[in-house]
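Peer 1: Got a structure for you, final_3.cif, holding mmCIF, C-alpha atoms and all ligand atoms.
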```cif
data_run
loop_
_atom_site.group_PDB
_atom_site.id
_atom_site.type_symbol
_atom_site.label_atom_id
_atom_site.label_comp_id
_atom_site.auth_asym_id
_atom_site.auth_seq_id
_atom_site.Cartn_x
_atom_site.Cartn_y
_atom_site.Cartn_z
ATOM 1 C CA MET A 1 -20.456 -14.625 11.171
ATOM 2 C CA SER A 2 -19.136 -15.556 7.735
ATOM 3 C CA GLU A 3 -16.217 -17.924 7.194
ATOM 4 C CA TYR A 4 -14.165 -14.949 5.984
ATOM 5 C CA GLN A 5 -14.918 -12.914 9.116
ATOM 6 C CA LYS A 6 -13.858 -15.871 11.254
ATOM 7 C CA LYS A 7 -10.585 -16.165 9.355
ATOM 8 C CA VAL A 8 -9.857 -12.449 9.751
ATOM 9 C CA SER A 9 -10.668 -12.684 13.435
ATOM 10 C CA GLU A 10 -8.404 -15.703 13.992
ATOM 11 C CA ALA A 11 -5.527 -14.071 12.114
ATOM 12 C CA ALA A 12 -5.995 -10.865 14.114
ATOM 13 C CA ASP A 13 -6.105 -12.790 17.405
ATOM 14 C CA TYR A 14 -2.751 -14.359 16.571
ATOM 15 C CA VAL A 15 -1.132 -10.971 15.933
ATOM 16 C CA LYS A 16 -2.967 -9.383 18.887
ATOM 17 C CA LYS A 17 -1.346 -11.833 21.303
ATOM 18 C CA ILE A 18 2.129 -10.830 20.126
ATOM 19 C CA ILE A 19 1.227 -7.130 20.340
ATOM 20 C CA LYS A 20 -0.109 -7.598 23.877
ATOM 21 C CA LYS A 21 2.832 -9.667 25.070
ATOM 22 C CA ASN A 22 5.151 -6.855 24.014
ATOM 23 C CA SER A 23 2.926 -4.096 25.440
ATOM 24 C CA MET A 24 2.639 -2.341 22.103
ATOM 25 C CA LYS A 25 -0.030 0.082 20.982
ATOM 26 C CA ILE A 26 -0.108 0.086 17.206
ATOM 27 C CA LYS A 27 -2.089 2.725 15.345
ATOM 28 C CA THR A 28 0.022 2.861 12.180
ATOM 29 C CA ALA A 29 0.628 0.333 9.418
ATOM 30 C CA VAL A 30 2.966 0.609 6.446
ATOM 31 C CA ILE A 31 2.707 -1.579 3.334
ATOM 32 C CA LEU A 32 6.000 -1.791 1.464
ATOM 33 C CA GLY A 33 6.045 -2.071 -2.308
ATOM 34 C CA SER A 34 8.541 -3.793 -4.612
ATOM 35 C CA GLY A 35 12.136 -2.840 -3.816
ATOM 36 C CA LEU A 36 11.084 -0.621 -0.897
ATOM 37 C CA GLY A 37 11.607 -3.221 1.843
ATOM 38 C CA GLY A 38 14.642 -1.353 3.240
ATOM 39 C CA LEU A 39 12.433 0.600 5.639
ATOM 40 C CA VAL A 40 12.353 -2.395 7.986
ATOM 41 C CA GLU A 41 16.015 -1.799 8.812
ATOM 42 C CA SER A 42 14.949 1.405 10.583
ATOM 43 C CA VAL A 43 12.473 -0.509 12.750
ATOM 44 C CA LYS A 44 13.709 -1.208 16.296
ATOM 45 C CA ASP A 45 12.670 -3.926 18.779
ATOM 46 C CA LYS A 46 11.404 -5.974 15.871
ATOM 47 C CA HIS A 47 9.085 -8.949 16.077
ATOM 48 C CA GLU A 48 8.989 -10.606 12.699
ATOM 49 C CA ILE A 49 6.047 -12.810 11.866
ATOM 50 C CA PRO A 50 6.302 -14.734 8.594
ATOM 51 C CA TYR A 51 2.943 -14.771 6.809
ATOM 52 C CA THR A 52 3.090 -18.558 6.871
ATOM 53 C CA GLU A 53 2.795 -18.432 10.706
ATOM 54 C CA ILE A 54 -0.406 -16.398 10.753
ATOM 55 C CA PRO A 55 -3.583 -18.448 10.486
ATOM 56 C CA HIS A 56 -5.333 -17.988 7.114
ATOM 57 C CA PHE A 57 -2.857 -15.348 5.898
ATOM 58 C CA PRO A 58 -2.118 -15.634 2.170
ATOM 59 C CA VAL A 59 1.516 -16.207 1.202
ATOM 60 C CA SER A 60 3.262 -14.002 -1.381
ATOM 61 C CA THR A 61 5.074 -15.412 -4.386
ATOM 62 C CA VAL A 62 6.758 -12.478 -6.179
ATOM 63 C CA LYS A 63 10.513 -12.007 -6.325
ATOM 64 C CA GLY A 64 11.585 -9.083 -4.123
ATOM 65 C CA HIS A 65 8.770 -9.593 -1.620
ATOM 66 C CA GLY A 66 9.781 -10.867 1.810
ATOM 67 C CA GLY A 67 6.438 -12.053 3.076
ATOM 68 C CA LYS A 68 6.360 -11.066 6.726
ATOM 69 C CA LEU A 69 4.662 -8.796 9.199
ATOM 70 C CA ILE A 70 7.057 -6.745 11.259
ATOM 71 C CA LEU A 71 5.962 -5.252 14.551
ATOM 72 C CA GLY A 72 8.280 -2.739 16.157
ATOM 73 C CA LYS A 73 9.187 0.873 16.777
ATOM 74 C CA LEU A 74 9.825 3.396 14.055
ATOM 75 C CA ASP A 75 11.270 6.540 15.662
ATOM 76 C CA GLY A 76 9.527 5.702 18.915
ATOM 77 C CA ARG A 77 6.136 4.960 17.346
ATOM 78 C CA ASP A 78 4.737 1.435 17.390
ATOM 79 C CA VAL A 79 4.156 0.266 13.834
ATOM 80 C CA LEU A 80 3.098 -2.764 11.868
ATOM 81 C CA VAL A 81 4.979 -3.120 8.603
ATOM 82 C CA MET A 82 3.944 -5.455 5.805
ATOM 83 C CA GLN A 83 6.973 -6.604 3.873
ATOM 84 C CA GLY A 84 5.407 -8.198 0.844
ATOM 85 C CA ARG A 85 1.838 -7.833 -0.303
ATOM 86 C CA PHE A 86 -0.639 -9.926 -2.265
ATOM 87 C CA HIS A 87 -1.274 -8.990 -5.858
ATOM 88 C CA PHE A 88 -4.409 -9.775 -7.822
ATOM 89 C CA TYR A 89 -2.227 -10.976 -10.732
ATOM 90 C CA GLU A 90 -0.790 -13.717 -8.550
ATOM 91 C CA GLY A 91 -4.198 -15.332 -8.686
ATOM 92 C CA TYR A 92 -5.495 -14.292 -5.286
ATOM 93 C CA HIS A 93 -9.115 -13.400 -4.840
ATOM 94 C CA MET A 94 -9.736 -9.747 -3.988
ATOM 95 C CA ARG A 95 -10.671 -10.873 -0.470
ATOM 96 C CA GLU A 96 -7.201 -12.361 -0.063
ATOM 97 C CA VAL A 97 -5.468 -9.313 -1.539
ATOM 98 C CA THR A 98 -7.179 -7.177 1.097
ATOM 99 C CA PHE A 99 -7.157 -9.727 3.944
ATOM 100 C CA PRO A 100 -4.297 -7.906 5.752
ATOM 101 C CA ILE A 101 -6.277 -4.645 5.738
ATOM 102 C CA ARG A 102 -9.175 -6.390 7.475
ATOM 103 C CA VAL A 103 -6.730 -7.799 10.013
ATOM 104 C CA MET A 104 -5.263 -4.317 10.595
ATOM 105 C CA SER A 105 -8.746 -2.948 11.085
ATOM 106 C CA GLU A 106 -9.500 -5.670 13.640
ATOM 107 C CA LEU A 107 -6.278 -4.610 15.412
ATOM 108 C CA LYS A 108 -7.729 -1.065 15.626
ATOM 109 C CA ILE A 109 -5.070 0.357 13.335
ATOM 110 C CA THR A 110 -6.280 3.717 12.011
ATOM 111 C CA ASP A 111 -3.417 5.089 9.922
ATOM 112 C CA LEU A 112 -2.142 3.464 6.753
ATOM 113 C CA VAL A 113 0.848 4.287 4.586
ATOM 114 C CA VAL A 114 0.649 2.311 1.373
ATOM 115 C CA THR A 115 3.561 2.308 -1.045
ATOM 116 C CA ASN A 116 4.261 0.847 -4.448
ATOM 117 C CA ALA A 117 6.440 0.896 -7.514
ATOM 118 C CA ALA A 118 4.732 2.497 -10.486
ATOM 119 C CA GLY A 119 5.300 3.440 -14.074
ATOM 120 C CA GLY A 120 5.323 7.180 -14.720
ATOM 121 C CA ILE A 121 2.926 8.513 -17.350
ATOM 122 C CA ASN A 122 3.106 12.229 -16.563
ATOM 123 C CA ARG A 123 5.787 13.760 -18.790
ATOM 124 C CA ASN A 124 7.314 15.690 -15.899
ATOM 125 C CA PHE A 125 8.079 12.527 -13.927
ATOM 126 C CA LYS A 126 11.576 11.078 -13.764
ATOM 127 C CA VAL A 127 12.748 7.611 -12.762
ATOM 128 C CA GLY A 128 13.311 7.631 -9.002
ATOM 129 C CA ASP A 129 10.692 10.306 -8.295
ATOM 130 C CA LEU A 130 8.378 9.802 -5.363
ATOM 131 C CA MET A 131 4.730 10.530 -6.145
ATOM 132 C CA ILE A 132 2.238 11.347 -3.421
ATOM 133 C CA ILE A 133 -0.975 9.690 -4.555
ATOM 134 C CA THR A 134 -3.829 12.201 -4.632
ATOM 135 C CA ASP A 135 -6.467 9.847 -6.032
ATOM 136 C CA HIS A 136 -6.824 6.629 -7.969
ATOM 137 C CA LEU A 137 -8.526 5.031 -10.952
ATOM 138 C CA ASN A 138 -9.739 1.486 -10.438
ATOM 139 C CA PHE A 139 -9.029 -0.580 -13.558
ATOM 140 C CA PHE A 140 -9.040 -3.953 -11.858
ATOM 141 C CA GLY A 141 -12.391 -4.675 -13.482
ATOM 142 C CA THR A 142 -13.655 -5.672 -10.064
ATOM 143 C CA ASN A 143 -13.928 -4.290 -6.553
ATOM 144 C CA PRO A 144 -12.884 -5.914 -3.273
ATOM 145 C CA LEU A 145 -16.242 -4.981 -1.725
ATOM 146 C CA ILE A 146 -18.293 -7.026 -4.192
ATOM 147 C CA GLY A 147 -20.331 -9.627 -2.330
ATOM 148 C CA PRO A 148 -22.400 -9.524 0.855
ATOM 149 C CA ASN A 149 -21.531 -6.464 2.921
ATOM 150 C CA VAL A 150 -20.373 -6.980 6.490
ATOM 151 C CA GLU A 151 -22.224 -4.170 8.255
ATOM 152 C CA GLU A 152 -19.899 -4.259 11.294
ATOM 153 C CA TRP A 153 -17.010 -3.573 8.939
ATOM 154 C CA GLY A 154 -18.440 -0.701 6.948
ATOM 155 C CA PRO A 155 -21.253 0.642 4.776
ATOM 156 C CA ARG A 156 -22.596 -1.038 1.631
ATOM 157 C CA PHE A 157 -21.810 2.045 -0.456
ATOM 158 C CA PRO A 158 -18.723 3.666 1.041
ATOM 159 C CA ASP A 159 -17.753 7.192 0.109
ATOM 160 C CA MET A 160 -14.588 7.542 -1.977
ATOM 161 C CA SER A 161 -14.514 11.316 -2.371
ATOM 162 C CA GLU A 162 -11.300 11.407 -0.334
ATOM 163 C CA ALA A 163 -9.701 8.001 -0.792
ATOM 164 C CA TYR A 164 -6.285 9.461 0.111
ATOM 165 C CA SER A 165 -6.404 11.758 3.141
ATOM 166 C CA LYS A 166 -5.986 15.409 2.279
ATOM 167 C CA ASN A 167 -4.266 16.110 5.598
ATOM 168 C CA MET A 168 -1.701 13.373 4.901
ATOM 169 C CA ILE A 169 -1.053 14.598 1.351
ATOM 170 C CA GLU A 170 -0.386 18.100 2.696
ATOM 171 C CA LEU A 171 1.739 16.806 5.554
ATOM 172 C CA CYS A 172 3.822 14.602 3.273
ATOM 173 C CA GLU A 173 4.320 17.409 0.759
ATOM 174 C CA LYS A 174 5.396 19.852 3.465
ATOM 175 C CA THR A 175 7.707 17.243 4.997
ATOM 176 C CA ALA A 176 9.304 16.578 1.603
ATOM 177 C CA CYS A 177 9.901 20.301 1.204
ATOM 178 C CA ASP A 178 11.535 20.530 4.665
ATOM 179 C CA GLU A 179 13.656 17.453 3.920
ATOM 180 C CA LYS A 180 14.545 18.774 0.447
ATOM 181 C CA ILE A 181 13.189 15.647 -1.221
ATOM 182 C CA ARG A 182 11.691 16.177 -4.673
ATOM 183 C CA VAL A 183 8.138 14.865 -4.718
ATOM 184 C CA VAL A 184 5.439 14.978 -7.334
ATOM 185 C CA LYS A 185 1.719 14.434 -6.857
ATOM 186 C CA GLY A 186 -0.686 12.564 -9.034
ATOM 187 C CA VAL A 187 -3.389 10.072 -9.823
ATOM 188 C CA TYR A 188 -2.516 6.370 -9.654
ATOM 189 C CA ALA A 189 -4.213 4.004 -12.085
ATOM 190 C CA GLY A 190 -4.458 0.435 -10.829
ATOM 191 C CA PHE A 191 -4.246 -2.236 -13.547
ATOM 192 C CA THR A 192 -4.290 -5.948 -12.845
ATOM 193 C CA GLY A 193 -1.018 -6.741 -14.629
ATOM 194 C CA PRO A 194 1.008 -8.869 -14.806
ATOM 195 C CA SER A 195 1.694 -7.671 -18.361
ATOM 196 C CA TYR A 196 2.895 -4.100 -18.519
ATOM 197 C CA GLU A 197 0.808 -1.637 -20.497
ATOM 198 C CA THR A 198 0.734 -1.270 -24.257
ATOM 199 C CA PRO A 199 1.469 2.173 -25.743
ATOM 200 C CA ALA A 200 -2.256 2.521 -26.548
ATOM 201 C CA GLU A 201 -3.134 1.812 -22.928
ATOM 202 C CA ILE A 202 -0.619 4.432 -21.808
ATOM 203 C CA ARG A 203 -2.118 7.010 -24.199
ATOM 204 C CA PHE A 204 -5.577 6.103 -22.896
ATOM 205 C CA LEU A 205 -4.451 6.476 -19.276
ATOM 206 C CA LYS A 206 -2.849 9.823 -20.055
ATOM 207 C CA THR A 207 -6.073 11.035 -21.670
ATOM 208 C CA ILE A 208 -8.198 10.119 -18.688
ATOM 209 C CA GLY A 209 -5.944 11.820 -16.176
ATOM 210 C CA ALA A 210 -3.621 9.158 -14.812
ATOM 211 C CA ASP A 211 -0.110 10.210 -13.806
ATOM 212 C CA ALA A 212 1.217 6.774 -12.899
ATOM 213 C CA VAL A 213 0.206 3.152 -13.299
ATOM 214 C CA GLY A 214 0.753 0.103 -11.143
ATOM 215 C CA MET A 215 -0.646 -3.266 -10.126
ATOM 216 C CA SER A 216 -1.564 -2.801 -6.479
ATOM 217 C CA THR A 217 -2.780 -0.308 -3.858
ATOM 218 C CA VAL A 218 -6.283 0.368 -5.228
ATOM 219 C CA PRO A 219 -7.960 -2.699 -3.626
ATOM 220 C CA GLU A 220 -6.194 -2.098 -0.310
ATOM 221 C CA VAL A 221 -7.207 1.551 -0.188
ATOM 222 C CA ILE A 222 -10.839 0.783 -1.090
ATOM 223 C CA VAL A 223 -11.020 -1.690 1.795
ATOM 224 C CA ALA A 224 -9.207 0.645 4.200
ATOM 225 C CA ARG A 225 -11.729 3.375 3.381
ATOM 226 C CA HIS A 226 -14.614 0.940 3.807
ATOM 227 C CA ALA A 227 -13.166 -0.099 7.159
ATOM 228 C CA GLY A 228 -13.047 3.530 8.308
ATOM 229 C CA PHE A 229 -9.288 4.096 8.503
ATOM 230 C CA LYS A 230 -8.715 7.714 9.586
ATOM 231 C CA ASN A 231 -5.539 8.596 7.714
ATOM 232 C CA ILE A 232 -4.462 7.056 4.435
ATOM 233 C CA LEU A 233 -1.278 8.076 2.657
ATOM 234 C CA GLY A 234 -0.154 6.581 -0.660
ATOM 235 C CA ILE A 235 3.336 6.965 -2.096
ATOM 236 C CA SER A 236 4.478 5.629 -5.466
ATOM 237 C CA CYS A 237 8.075 5.255 -6.439
ATOM 238 C CA ILE A 238 8.335 5.979 -10.159
ATOM 239 C CA THR A 239 10.534 3.146 -11.375
ATOM 240 C CA ASN A 240 10.187 3.584 -15.121
ATOM 241 C CA VAL A 241 8.626 6.113 -17.447
ATOM 242 C CA THR A 242 6.568 5.530 -20.543
ATOM 243 C CA ASN A 243 5.068 7.996 -22.972
ATOM 244 C CA GLY A 244 2.848 5.850 -25.165
ATOM 245 C CA GLU A 245 4.707 6.936 -28.284
ATOM 246 C CA THR A 246 8.207 5.507 -28.402
ATOM 247 C CA LYS A 247 8.898 1.908 -27.520
ATOM 248 C CA ILE A 248 10.148 1.834 -23.950
ATOM 249 C CA GLU A 249 10.431 -1.623 -22.496
ATOM 250 C CA ALA A 250 9.652 -2.273 -18.850
ATOM 251 C CA THR A 251 11.147 -5.142 -16.887
ATOM 252 C CA HIS A 252 10.625 -6.309 -13.319
ATOM 253 C CA GLU A 253 14.378 -6.192 -12.644
ATOM 254 C CA GLU A 254 14.519 -2.542 -13.730
ATOM 255 C CA VAL A 255 11.513 -1.752 -11.515
ATOM 256 C CA VAL A 256 13.070 -3.355 -8.426
ATOM 257 C CA GLU A 257 16.449 -1.731 -9.130
ATOM 258 C CA ALA A 258 14.971 1.758 -9.560
ATOM 259 C CA ALA A 259 12.916 1.370 -6.373
ATOM 260 C CA SER A 260 16.018 0.266 -4.465
ATOM 261 C CA GLY A 261 17.867 3.301 -5.847
ATOM 262 C CA ALA A 262 15.181 5.630 -4.481
ATOM 263 C CA SER A 263 14.960 3.685 -1.240
ATOM 264 C CA GLU A 264 17.049 6.056 0.905
ATOM 265 C CA LYS A 265 14.919 9.146 0.198
ATOM 266 C CA PHE A 266 11.743 7.070 0.312
ATOM 267 C CA ILE A 267 12.632 5.861 3.824
ATOM 268 C CA ARG A 268 13.532 9.394 4.877
ATOM 269 C CA LEU A 269 10.232 10.718 3.552
ATOM 270 C CA VAL A 270 8.087 8.074 5.259
ATOM 271 C CA ARG A 271 9.911 8.417 8.585
ATOM 272 C CA ALA A 272 9.832 12.210 8.587
ATOM 273 C CA THR A 273 6.164 12.309 7.574
ATOM 274 C CA LEU A 274 5.200 9.923 10.371
ATOM 275 C CA LYS A 275 7.309 11.955 12.833
ATOM 276 C CA ASN A 276 5.398 15.081 11.799
ATOM 277 C CA HIS A 277 2.070 13.273 12.018
ATOM 278 C CA LYS A 278 0.767 13.807 15.520
ATOM 279 C CA GLY A 279 -2.032 11.312 15.266
HETATM 280 N N1 LIG B 301 3.248 -0.560 -15.174
HETATM 281 C C1 LIG B 301 2.577 -1.215 -14.207
HETATM 282 N N2 LIG B 301 3.078 -1.460 -13.020
HETATM 283 C C2 LIG B 301 4.309 -1.032 -12.751
HETATM 284 C C3 LIG B 301 5.065 -0.346 -13.704
HETATM 285 C C4 LIG B 301 4.505 -0.092 -14.976
HETATM 286 O O1 LIG B 301 5.123 0.513 -15.888
HETATM 287 N N3 LIG B 301 6.249 -0.038 -13.118
HETATM 288 C C5 LIG B 301 6.212 -0.533 -11.854
HETATM 289 N N4 LIG B 301 5.026 -1.137 -11.635
#
```
Kindly return the structure encoded in the file as structure tokens.
Ligand code: HPA

Peer 2:
Amino acid sequence: MSEYQKKVSEAADYVKKIIKKNSMKIKTAVILGSGLGGLVESVKDKHEIPYTEIPHFPVSTVKGHGGKLILGKLDGRDVLVMQGRFHFYEGYHMREVTFPIRVMSELKITDLVVTNAAGGINRNFKVGDLMIITDHLNFFGTNPLIGPNVEEWGPRFPDMSEAYSKNMIELCEKTACDEKIRVVKGVYAGFTGPSYETPAEIRFLKTIGADAVGMSTVPEVIVARHAGFKNILGISCITNVTNGETKIEATHEEVVEAASGASEKFIRLVRATLKNHKG
């Protein structure tokens, strides 16, 4: 067993004990993006575990990220919520960025809702829109699966033909329609950041079929697919729009503020989608 596997196993054991003590059965995990942390207020019977308490867990550094695992009930369903994630631009290794996904997998979690704040590239997108991610483009210049493959975890060459589960995309879209929440669908391009994109990069992304761009999600989804998660749903909150032509500045404050503004409908969409998901 590699050092990394041992670390994942020890971190999972720590969380497992808390899950067992509270007689929970968690199949669903939610990763909350910048400014979308409000969902935790809907979680009942909460057990909050700061990342610093979990053996080997990385610790997040970005403003607007809480840095804790929350175990509890969301509308009667046991869930694990990650408030605060690890970004590649913070200097973490890809294995650290995706460490929580390995822990979730060890906990036998099968369904993942991954959320983020993203810049809108598609001309039809407006600030505050929620985008159901249909697919992604990996522009991290690396891949979290590089290195020796752990056969017990997944295949050397995992399939990515359906990175985001078709059934979840359809379910989320139908739920949004029922709830009268405007949603858009599109391809998410993952860039490392931390600098925002230049107009030329935006034009390039538009040309190759990206609808939104952000600095997360792609590594986590690659690892979740490798680990054999059954249902993966990605939702981006469009916090700013760029067109690659006029100068439109992006700031972190604006991103967090726009995400917070969309928070109510985002929470409603996630909760209603999970309610409709009989998994
Ligand atoms: N670019 C990259 N990441 C982002 C953006 C953006 O414009 N907005 C929110 N996250």

Peer 1: Please report as a tab-separated table every residue of chain A lying within 9 Å of ligand LIG 301 (chain B), along with the nearest atom pair and their distance in Å (one decimal), using only C-alpha atoms and all ligand atoms.

Peer 2:
```
residue	atom	partner	partner_atom	distance
A:Ser34	CA	B:LIG301	C5	8.3
A:Asn116	CA	B:LIG301	N4	7.5
A:Ala117	CA	B:LIG301	C5	4.6
A:Ala118	CA	B:LIG301	C5	3.6
A:Gly119	CA	B:LIG301	O1	3.4
A:Gly120	CA	B:LIG301	O1	6.8
A:Ile121	CA	B:LIG301	O1	8.4
A:Ala189	CA	B:LIG301	C1	8.8
A:Gly190	CA	B:LIG301	C1	8.0
A:Phe191	CA	B:LIG301	C1	6.9
A:Thr192	CA	B:LIG301	C1	8.5
A:Gly193	CA	B:LIG301	C1	6.6
A:Pro194	CA	B:LIG301	C1	7.8
A:Ser195	CA	B:LIG301	C1	7.7
A:Tyr196	CA	B:LIG301	N1	4.9
A:Glu197	CA	B:LIG301	N1	6.0
A:Ala212	CA	B:LIG301	C4	7.9
A:Val213	CA	B:LIG301	C1	5.1
A:Gly214	CA	B:LIG301	N2	3.4
A:Met215	CA	B:LIG301	N2	5.1
A:Ser216	CA	B:LIG301	N2	8.1
A:Cys237	CA	B:LIG301	C5	8.1
A:Ile238	CA	B:LIG301	N3	7.0
A:Thr239	CA	B:LIG301	N3	5.6
A:Asn240	CA	B:LIG301	N3	5.7
A:Val241	CA	B:LIG301	O1	6.8
A:Thr242	CA	B:LIG301	O1	7.0
A:Glu249	CA	B:LIG301	O1	8.7
A:Ala250	CA	B:LIG301	O1	6.1
A:Thr251	CA	B:LIG301	N3	8.0
A:His252	CA	B:LIG301	C5	7.4
A:Glu254	CA	B:LIG301	N3	8.7
A:Val255	CA	B:LIG301	C5	5.4
A:Val256	CA	B:LIG301	C5	8.2
A:Ala259	CA	B:LIG301	C5	8.9
```

Peer 1: Name the residues that the PyMOL selection byres (((chain A and resi 229) around 12) and not hetatm) pulls out of this structure, and write them as an MDAnalysis selection string.

Peer 2: chainID A and resid 27:29 101:102 104:113 153:154 162:165 220:228 230:233

Peer 1: Given the file above and the PyMOL selection byres (((chain A and resi 6-8) around 10) and not hetatm), which residues are selected, and can you give them as a PyMOL selection string?

Peer 2: chain A and resi 1-5+9-13+55-57+99-106

Peer 1: Using C-alpha atoms, can you export the residues from the last selection as an mmCIF file, in the coordinates of the input?

Peer 2:
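Done, and the output landed in result01.cif:
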```cif
data_model
loop_
_atom_site.group_PDB
_atom_site.id
_atom_site.type_symbol
_atom_site.label_atom_id
_atom_site.label_comp_id
_atom_site.auth_asym_id
_atom_site.auth_seq_id
_atom_site.Cartn_x
_atom_site.Cartn_y
_atom_site.Cartn_z
ATOM 1 C CA MET A 1 -20.456 -14.625 11.171
ATOM 2 C CA SER A 2 -19.136 -15.556 7.735
ATOM 3 C CA GLU A 3 -16.217 -17.924 7.194
ATOM 4 C CA TYR A 4 -14.165 -14.949 5.984
ATOM 5 C CA GLN A 5 -14.918 -12.914 9.116
ATOM 6 C CA SER A 9 -10.668 -12.684 13.435
ATOM 7 C CA GLU A 10 -8.404 -15.703 13.992
ATOM 8 C CA ALA A 11 -5.527 -14.071 12.114
ATOM 9 C CA ALA A 12 -5.995 -10.865 14.114
ATOM 10 C CA ASP A 13 -6.105 -12.790 17.405
ATOM 11 C CA PRO A 55 -3.583 -18.448 10.486
ATOM 12 C CA HIS A 56 -5.333 -17.988 7.114
ATOM 13 C CA PHE A 57 -2.857 -15.348 5.898
ATOM 14 C CA PHE A 99 -7.157 -9.727 3.944
ATOM 15 C CA PRO A 100 -4.297 -7.906 5.752
ATOM 16 C CA ILE A 101 -6.277 -4.645 5.738
ATOM 17 C CA ARG A 102 -9.175 -6.390 7.475
ATOM 18 C CA VAL A 103 -6.730 -7.799 10.013
ATOM 19 C CA MET A 104 -5.263 -4.317 10.595
ATOM 20 C CA SER A 105 -8.746 -2.948 11.085
ATOM 21 C CA GLU A 106 -9.500 -5.670 13.640
#
```

Peer 1: One number please: atom CA of A:Asn243 to atom CA of A:Arg203, in Å, one decimal.

Peer 2: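 Answer for the atom CA of A:Asn243 to atom CA of A:Arg203 separation: 7.4 Å.
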
Peer 1: Mind checking which residues fall within 7 Å of A:Lys46, counting only C-alpha atoms, ignoring those fewer than 3 positions away in the same chain, and posting them as a ChimeraX atom specification?

Peer 2: /A:43,70-72

Peer 1: Could you tell me which residues the PyMOL selection byres (((chain A and resi 134-138) around 9) and not hetatm) grabs in this file, written as a ChimeraX atom specification?

Peer 2: /A:131-133,139-143,161-166,169,185-191,209-210,218-219,233-234

Peer 1: Edge lengths and centre in Å to one decimal, as AutoDock Vina command-line options, is what I'm after for the box along x, y and z that holds all listed atoms of stretch 191-205 of chain A once 5 Å is added on each side.

Peer 2:
```
--center_x -1.3 --center_y -0.9 --center_z -19.7 --size_x 18.5 --size_y 25.9 --size_z 23.7
```

Peer 1: Using only C-alpha atoms, which of A:Arg156, A:Asn122, A:Val184, A:Met24 sits nearest A:Thr207?

Peer 2: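 So, comparing all the options, the nearest one is A:Asn122.
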
Peer 1: So which residues fall inside 9 Å of (15.3, -1.2, -4.5) if we count only C-alpha atoms? Mind giving them as a PDB file with C-alpha atoms, in the coordinates of the input?

Peer 2:
```pdb
ATOM      1  CA  SER A  34       8.541  -3.793  -4.612  1.00  0.00           C
ATOM      2  CA  GLY A  35      12.136  -2.840  -3.816  1.00  0.00           C
ATOM      3  CA  LEU A  36      11.084  -0.621  -0.897  1.00  0.00           C
ATOM      4  CA  GLY A  37      11.607  -3.221   1.843  1.00  0.00           C
ATOM      5  CA  GLY A  38      14.642  -1.353   3.240  1.00  0.00           C
ATOM      6  CA  GLY A  64      11.585  -9.083  -4.123  1.00  0.00           C
ATOM      7  CA  VAL A 255      11.513  -1.752 -11.515  1.00  0.00           C
ATOM      8  CA  VAL A 256      13.070  -3.355  -8.426  1.00  0.00           C
ATOM      9  CA  GLU A 257      16.449  -1.731  -9.130  1.00  0.00           C
ATOM     10  CA  ALA A 258      14.971   1.758  -9.560  1.00  0.00           C
ATOM     11  CA  ALA A 259      12.916   1.370  -6.373  1.00  0.00           C
ATOM     12  CA  SER A 260      16.018   0.266  -4.465  1.00  0.00           C
ATOM     13  CA  GLY A 261      17.867   3.301  -5.847  1.00  0.00           C
ATOM     14  CA  ALA A 262      15.181   5.630  -4.481  1.00  0.00           C
ATOM     15  CA  SER A 263      14.960   3.685  -1.240  1.00  0.00           C
TER      16      SER A 263
END
```

Peer 1: With distances taken over only C-alpha atoms, which residue among A:Asp75, A:Pro58, A:Asp178, A:Phe125 lies nearest A:Glu96?

Peer 2: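 When distances to A:Glu96 are compared using only C-alpha atoms, the smallest one comes from A:Pro58.
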